[in-house]
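Okay, structure first, notes after.
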2 protein chains.
Amino acid sequence: MSKNTIPYKIYLEENEMPKAWYNLRADMKNKPAPLLNPGTGLPLTAEELEAVFCKELVAQELDNDTPLIDIPLEIRDFYKMYRPSPLVRAYCLEEKLKTPAKIYYKFEGNNTSGSHKLNSAIAQAYYAKGQGLKGVTTETGAGQWGTALSMACSYLDLDCKVYMVKVSYEQKPFRREVMRTYGASVVPSPSETTQVGRQILERHPGTTGSLGCAISEAVEAAASEPGYRYVLGSVLNQVLLHQSVIGLEAKAAMDKYGIKPDMIIGCAGGGSNLGGLIAPFMGEKLRGEADYQIVAVEPASCPSFTRGTYAYDFCDTGHICPLAKMYTLGSDFIPSANHAGGLRFHGMSSILSQLYHDGYMEAVSVEQNSVFEAAEQFARVEGILPAPESAHAIRAAIDEAIRCKETGEEKTILFGLTGTGYFDLVAYEKFHNGEMSDEIPDDEMIARSVAKLPKVE
Amino acid sequence: MSKNTIPYKIYLEENEMPKAWYNLRADMKNKPAPLLNPGTGLPLTAEELEAVFCKELVAQELDNDTPLIDIPLEIRDFYKMYRPSPLVRAYCLEEKLKTPAKIYYKFEGNNTSGSHKLNSAIAQAYYAKGQGLKGVTTETGAGQWGTALSMACSYLDLDCKVYMVKVSYEQKPFRREVMRTYGASVVPSPSETTQVGRQILERHPGTTGSLGCAISEAVEAAASEPGYRYVLGSVLNQVLLHQSVIGLEAKAAMDKYGIKPDMIIGCAGGGSNLGGLIAPFMGEKLRGEADYQIVAVEPASCPSFTRGTYAYDFCDTGHICPLAKMYTLGSDFIPSANHAGGLRFHGMSSILSQLYHDGYMEAVSVEQNSVFEAAEQFARVEGILPAPESAHAIRAAIDEAIRCKETGEEKTILFGLTGTGYFDLVAYEKFHNGEMSDEIPDDEMIARSVAKLPKVE
């Protein structure tokens, strides 16, 4: 099709928006491994999980069979405030690169949380509200998830307590202020307000915190206060379920114009965006109905897929969370300075880990300066200032488009543009000033961290 | 119509987007007064204006007769990257206020400049490029206009030099960094790089600058460097012309669903957003085809319409710009601390000034704390964190919706949501901390400033 027939942006009509989430697990022959109780080594029961998570979300977490799960009307109404997100044809980028490839991106940044995180935040807050809870606790690193959850809780009049990694709390006062605007209370982590926080502070005085540590604190806070539950913005099966709305919309928009992607690219931290974007495409692939090349892009400084081990591991530093089977660098792994805060998690979604293990998708890692080069190049021609996380996918998409130029292939590329970089200008400034590091972990460091993985039968 | 028939967001199709700007002046019986040469007191000729402005833009500036001016294809293609902007039905705000009023807003913030400014930036950059120029100069206060122009220039490969009011340059390093990402050079104003800057620095050492002063510097820089012209983000007739795309889209979207607004509300600084939003509606009003209540909202700290004088005045502090007839507080007027940087200009568009003078529109002024209260209330239910400028319109819309609740009127209200507040979190923080001032100028201060207006026959 020509430039004239495919618009720059494809928006679905309201009545074309998904009415059910797609549960990828239903089509997986090898199901993702269950979460284990670290004490007993046995799969966690619904009852055990319900001490920490909301009841309905536990049901979704454990459901490996139901392919379509209805999106409640209230959530669909909330989605209508900022969705459908546009599927954009990157005409200007294609022209700049002089590539025969056709590039599309699904842009999730047009909402105040600045990313796709809101898709799951509203779902989790909705089920918490439905259960009659007073509030929820969570952690946030870069701040997108905390902002998204604050927005969802404010909308539903739920209390929201966010443990924010201390270094982000200090370096990103604006993110904190957005959360305050939405009425959330934001606590720098590690803090004195939890037992695990106090322990970490005692062991590592002056620490600036980590995502794994903030998770520990948020889980403890939820478990110890009546009427509260913990919610998480990535990694879990339920989150990938909610995020399937990204892929469902993208596929519906492409189908409408008869477009079939050859390659689908997404950045991968905990896996929520990638898992959501690829869901319906991967479903077709699993059912043998179509084939797609699916690529996860991770930072070279935190390479769980490309250099990690597929094993059971803790999701948090304080080791109070369940064990998940995943590609991991070890829960003690501390990535080197990296400005894509959302991609600094040591592990990876169990669903994506299983799919990667089974050969249904590939992974590449990219270095930080090349990511910001891609970000800037993209911003200048497509107009959108991307989040550093999203720019990982841009890097891979541009690389593929350049390869197509060499080979003459007219590949159709779809990538996920998860968010905007308006709160990441410190990172852009470092990049402009040539102060950005490309440091990556050496093999010994990863081996040391992986050696401490918990022993599981 | 019911909630079921009118979607949350109305997006036009690409082929429904405006192909021509609407020139409101063509339908005005009393044309806006011409710009005068401050030396001779005579109307400026095209030739005189072309020393500072691009040729085609001068033609647009002086054209009081042509109702429709074609939007060049290249600009329409650029518009497609971030337009059409959504016309949003504020269902959630209505529900929260329990008002029978129907509230709509045209949201211009879904682009990296964060506001409507891009609509004119791309047009002005396009004509500069077409004239074979090397680059353009401009000033920026809050930073939206500078960002928008940087984006447009980067897209067209034009050099872009931005004089940024020093206090903003220092307090908003992130805005500066976005402009750098788009390749612009950003100079804090007043600077040593211009004669007028050096004079101001000598007279007021340690000054943190003003918009009027930055304008003087940018004009001097353009006039003294071959291959450069000056461009301006508001006030001028040409800018209102380009911004008519906002109103044209809004009206097309409303017509599509048979919606007729009773009241149209916009914030007013230099008038670019308000003038653009109301254009086609005001056109119908001027032609006697329909009636609308049209309201300009300005900050109580910079009340050009509500407390200014309708007279010829300088547009800049350095008095090197032409004289414009407008509602003005005097070019020496310095508004008290106010976080809506885009609304701190001492004057107002000549077009809007004439329309206000002739009774075609009203104006109200609102105080800062009440503006941020409205902003927060809006953010919590509608999800979008508004720019402080835009929140002036929100305040007025909420006030009207509350009045409707008391009277039972089912008024249809349309307001302009010009942008997002992601770079205004310092202001939100002050508001949260109760440190925001409601200081307004006293009569004596305004009288003193207005007494210095230039004498014009």
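Within each chain, counting starts at residue 1; across the structure tokens, chains are named A, B, ... in the order shown, with ligands numbered 1 upward in that order.
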Quick one: which chain B residues come within 9 Å of chain A, and what is the nearest atom pair for each with the distance in Å to one decimal, counting only C-alpha atoms, rows ordered by chain and ascending number, as a Markdown table?
```
| residue | atom | partner | partner_atom | distance |
| --- | --- | --- | --- | --- |
| B:Pro7 | CA | A:Glu14 | CA | 6.8 |
| B:Tyr8 | CA | A:Lys80 | CA | 6.2 |
| B:Lys9 | CA | A:Met81 | CA | 7.4 |
| B:Tyr11 | CA | A:Tyr11 | CA | 8.1 |
| B:Glu13 | CA | A:Pro7 | CA | 8.8 |
| B:Glu14 | CA | A:Pro7 | CA | 6.8 |
| B:Asp77 | CA | A:Tyr8 | CA | 8.7 |
| B:Lys80 | CA | A:Tyr8 | CA | 6.2 |
| B:Met81 | CA | A:Tyr8 | CA | 6.4 |
| B:Tyr82 | CA | A:Gly383 | CA | 8.1 |
| B:Arg83 | CA | A:Lys9 | CA | 8.9 |
| B:Val88 | CA | A:Met81 | CA | 8.4 |
| B:Ala90 | CA | A:Met81 | CA | 8.9 |
| B:Cys92 | CA | A:Met81 | CA | 8.9 |
| B:Gly109 | CA | A:Asn110 | CA | 9.0 |
| B:Asn110 | CA | A:Asn110 | CA | 6.1 |
| B:Asn111 | CA | A:Ile384 | CA | 6.6 |
| B:Thr112 | CA | A:Ile384 | CA | 5.3 |
| B:Ser113 | CA | A:Gly383 | CA | 8.7 |
| B:Met151 | CA | A:Gly383 | CA | 6.7 |
| B:Ala152 | CA | A:Gly383 | CA | 8.6 |
| B:Ser154 | CA | A:Arg380 | CA | 5.9 |
| B:Tyr155 | CA | A:Val381 | CA | 5.7 |
| B:Pro173 | CA | A:Leu425 | CA | 8.5 |
| B:Phe174 | CA | A:Leu425 | CA | 5.6 |
| B:Arg175 | CA | A:Leu425 | CA | 8.4 |
| B:Glu177 | CA | A:Glu429 | CA | 6.2 |
| B:Val178 | CA | A:Leu425 | CA | 7.2 |
| B:Arg180 | CA | A:His432 | CA | 8.0 |
| B:Thr181 | CA | A:Glu376 | CA | 6.3 |
| B:Tyr182 | CA | A:Arg380 | CA | 5.8 |
| B:Gly183 | CA | A:Arg380 | CA | 8.5 |
| B:Glu376 | CA | A:Thr181 | CA | 6.3 |
| B:Ala379 | CA | A:Tyr182 | CA | 7.4 |
| B:Arg380 | CA | A:Tyr182 | CA | 5.8 |
| B:Val381 | CA | A:Tyr155 | CA | 5.7 |
| B:Glu382 | CA | A:Met81 | CA | 7.1 |
| B:Gly383 | CA | A:Thr112 | CA | 6.5 |
| B:Ile384 | CA | A:Thr112 | CA | 5.3 |
| B:Leu385 | CA | A:Thr112 | CA | 6.1 |
| B:Thr420 | CA | A:Thr112 | CA | 8.4 |
| B:Tyr422 | CA | A:Tyr422 | CA | 6.9 |
| B:Phe423 | CA | A:Tyr422 | CA | 7.8 |
| B:Asp424 | CA | A:Phe174 | CA | 8.6 |
| B:Leu425 | CA | A:Phe174 | CA | 5.6 |
| B:Val426 | CA | A:Phe174 | CA | 7.4 |
| B:Tyr428 | CA | A:Glu177 | CA | 7.2 |
| B:Glu429 | CA | A:Glu177 | CA | 6.2 |
| B:His432 | CA | A:Thr181 | CA | 7.8 |
```
Set out as a Markdown table a contact list for segment 321-430 of chain B and segment 23-30 of chain B with a cut-off of 10 Å, giving each residue of segment 321-430 of chain B that qualifies its closest atom pair and distance in Å to one decimal, counting only C-alpha atoms, ordered by chain and rising residue number.
```
| residue | atom | partner | partner_atom | distance |
| --- | --- | --- | --- | --- |
| B:Ile351 | CA | B:Arg25 | CA | 7.4 |
| B:Gln354 | CA | B:Asn30 | CA | 7.4 |
| B:Leu355 | CA | B:Met28 | CA | 8.3 |
| B:Asp358 | CA | B:Asn30 | CA | 8.2 |
```
What is the distance between atom CA of Ala337 of chain A and atom CA of Tyr356 of chain A, in Å to one decimal? 26.4 Å
Select, from B:Ser191, B:Glu367, B:Thr138, B:Lys129, the residue with the minimum atom-to-atom distance to Pro205 of chain B, counting only C-alpha atoms.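 So, comparing all the options, the nearest one is B:Ser191.
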Can you pull out the residues contacting segment 31-40 of chain A? Cut-off 9 Å, using only C-alpha atoms, and skip same-chain residues under 2 positions away; I want them as JSON, numbers by chain. {"A": [25, 26, 27, 28, 29, 42, 43, 44, 45, 48, 62, 64, 237, 312, 314, 319, 320, 321, 322, 323, 324, 325, 326, 350, 351, 352, 353, 354, 355, 454, 456]}
Residue nearest Leu93 of chain B among B:Val364, B:Tyr105, B:Leu453, B:Pro335 (counting only C-alpha atoms):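 Smallest distance to Leu93 of chain B is found for B:Tyr105.
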All residues 12 Å or closer to segment 435-442 of chain B, only C-alpha atoms, same chain fewer than 4 positions away omitted, as a compact mmCIF listing (two decimals) with N, CA, C and O atoms, in the first residue's frame:
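This went into part.txt:
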```
# COMPACT_ATOMS: atom_id res chain seq x y z
N PRO B 299 -4.56 35.50 33.84
CA PRO B 299 -4.17 35.48 35.25
C PRO B 299 -4.43 36.85 35.89
O PRO B 299 -4.19 37.87 35.25
N ALA B 300 -4.88 36.84 37.12
CA ALA B 300 -5.13 38.10 37.83
C ALA B 300 -3.83 38.89 37.99
O ALA B 300 -3.86 40.11 38.17
N SER B 301 -2.69 38.20 37.87
CA SER B 301 -1.42 38.89 38.04
C SER B 301 -0.95 39.58 36.75
O SER B 301 -0.01 40.36 36.77
N CYS B 302 -1.59 39.28 35.63
CA CYS B 302 -1.19 39.89 34.35
C CYS B 302 -2.44 40.13 33.51
O CYS B 302 -2.62 39.52 32.45
N PRO B 303 -3.32 41.04 33.97
CA PRO B 303 -4.68 41.14 33.43
C PRO B 303 -4.81 42.14 32.29
O PRO B 303 -5.47 43.18 32.43
N SER B 304 -4.21 41.85 31.13
CA SER B 304 -4.23 42.82 30.03
C SER B 304 -5.65 43.19 29.59
O SER B 304 -5.96 44.36 29.41
N ARG B 307 -7.83 44.68 32.93
CA ARG B 307 -7.40 45.91 33.59
C ARG B 307 -6.44 46.75 32.74
O ARG B 307 -5.91 47.75 33.21
N GLY B 308 -6.22 46.32 31.50
CA GLY B 308 -5.30 47.07 30.63
C GLY B 308 -6.01 48.17 29.85
O GLY B 308 -7.21 48.41 30.02
N LEU B 329 -0.79 46.41 29.38
CA LEU B 329 -0.48 46.91 30.73
C LEU B 329 0.76 47.79 30.68
O LEU B 329 1.28 48.21 31.71
N PHE B 333 5.56 46.80 32.24
CA PHE B 333 4.85 46.07 33.29
C PHE B 333 5.52 44.73 33.60
O PHE B 333 5.82 43.96 32.69
N ILE B 334 5.79 44.49 34.87
CA ILE B 334 6.36 43.21 35.26
C ILE B 334 5.38 42.49 36.18
O ILE B 334 5.12 42.92 37.29
N PRO B 335 4.80 41.39 35.69
CA PRO B 335 3.80 40.69 36.50
C PRO B 335 4.44 40.11 37.75
O PRO B 335 5.62 39.77 37.75
N SER B 336 3.68 39.99 38.83
CA SER B 336 4.19 39.35 40.04
C SER B 336 4.41 37.87 39.75
O SER B 336 3.99 37.34 38.73
N ALA B 337 5.10 37.21 40.67
CA ALA B 337 5.44 35.80 40.50
C ALA B 337 4.20 35.04 40.03
O ALA B 337 3.15 35.13 40.63
N ASN B 338 4.35 34.31 38.95
CA ASN B 338 3.21 33.62 38.35
C ASN B 338 3.78 32.46 37.58
O ASN B 338 4.71 32.61 36.79
N HIS B 339 3.19 31.29 37.80
CA HIS B 339 3.80 30.11 37.21
C HIS B 339 3.27 29.75 35.84
O HIS B 339 3.70 28.78 35.25
N SER B 365 -10.56 37.26 34.89
CA SER B 365 -9.23 36.95 35.40
C SER B 365 -9.38 36.04 36.62
O SER B 365 -10.38 36.13 37.35
N VAL B 366 -8.41 35.14 36.80
CA VAL B 366 -8.49 34.18 37.90
C VAL B 366 -7.17 34.15 38.67
O VAL B 366 -6.11 34.43 38.11
N GLU B 367 -7.29 33.83 39.96
CA GLU B 367 -6.10 33.85 40.80
C GLU B 367 -5.38 32.50 40.81
O GLU B 367 -5.98 31.46 40.58
N GLN B 368 -4.10 32.58 41.10
CA GLN B 368 -3.23 31.44 40.88
C GLN B 368 -3.57 30.18 41.68
O GLN B 368 -3.60 29.08 41.14
N ASN B 369 -3.83 30.33 42.98
CA ASN B 369 -4.13 29.13 43.77
C ASN B 369 -5.40 28.44 43.27
O ASN B 369 -5.45 27.21 43.21
N SER B 370 -6.40 29.24 42.88
CA SER B 370 -7.64 28.62 42.41
C SER B 370 -7.40 27.92 41.07
O SER B 370 -8.06 26.93 40.75
N VAL B 371 -6.44 28.42 40.30
CA VAL B 371 -6.08 27.78 39.04
C VAL B 371 -5.46 26.41 39.29
O VAL B 371 -5.80 25.42 38.64
N PHE B 372 -4.55 26.35 40.26
CA PHE B 372 -3.92 25.06 40.55
C PHE B 372 -4.88 24.08 41.22
O PHE B 372 -4.77 22.87 41.04
N GLU B 373 -5.83 24.60 41.98
CA GLU B 373 -6.87 23.72 42.53
C GLU B 373 -7.64 23.06 41.38
O GLU B 373 -7.91 21.86 41.40
N VAL B 426 7.73 22.22 39.40
CA VAL B 426 8.18 23.12 40.46
C VAL B 426 6.98 23.95 40.94
O VAL B 426 6.78 24.14 42.14
N ALA B 427 6.16 24.37 40.01
CA ALA B 427 4.96 25.14 40.35
C ALA B 427 3.98 24.28 41.14
O ALA B 427 3.43 24.70 42.16
N TYR B 428 3.77 23.05 40.67
CA TYR B 428 2.85 22.15 41.40
C TYR B 428 3.37 21.91 42.82
O TYR B 428 2.61 21.85 43.77
N GLU B 429 4.69 21.76 42.93
CA GLU B 429 5.27 21.52 44.26
C GLU B 429 4.98 22.71 45.18
O GLU B 429 4.59 22.52 46.34
N LYS B 430 5.17 23.91 44.66
CA LYS B 430 4.87 25.11 45.47
C LYS B 430 3.41 25.11 45.90
O LYS B 430 3.08 25.43 47.04
N PHE B 431 2.55 24.75 44.99
CA PHE B 431 1.13 24.70 45.31
C PHE B 431 0.87 23.68 46.42
O PHE B 431 0.19 23.98 47.41
N ILE B 446 -0.28 49.63 37.78
CA ILE B 446 -0.72 49.58 36.38
C ILE B 446 -0.76 50.99 35.79
O ILE B 446 -0.31 51.21 34.66
N ALA B 447 -1.26 51.94 36.55
CA ALA B 447 -1.34 53.32 36.06
C ALA B 447 0.04 53.86 35.72
O ALA B 447 0.24 54.51 34.68
N ARG B 448 1.00 53.57 36.57
CA ARG B 448 2.38 54.02 36.32
C ARG B 448 2.91 53.46 35.01
O ARG B 448 3.53 54.16 34.22
N SER B 449 2.68 52.18 34.81
CA SER B 449 3.20 51.52 33.62
C SER B 449 2.48 52.01 32.36
O SER B 449 3.09 52.25 31.32
```
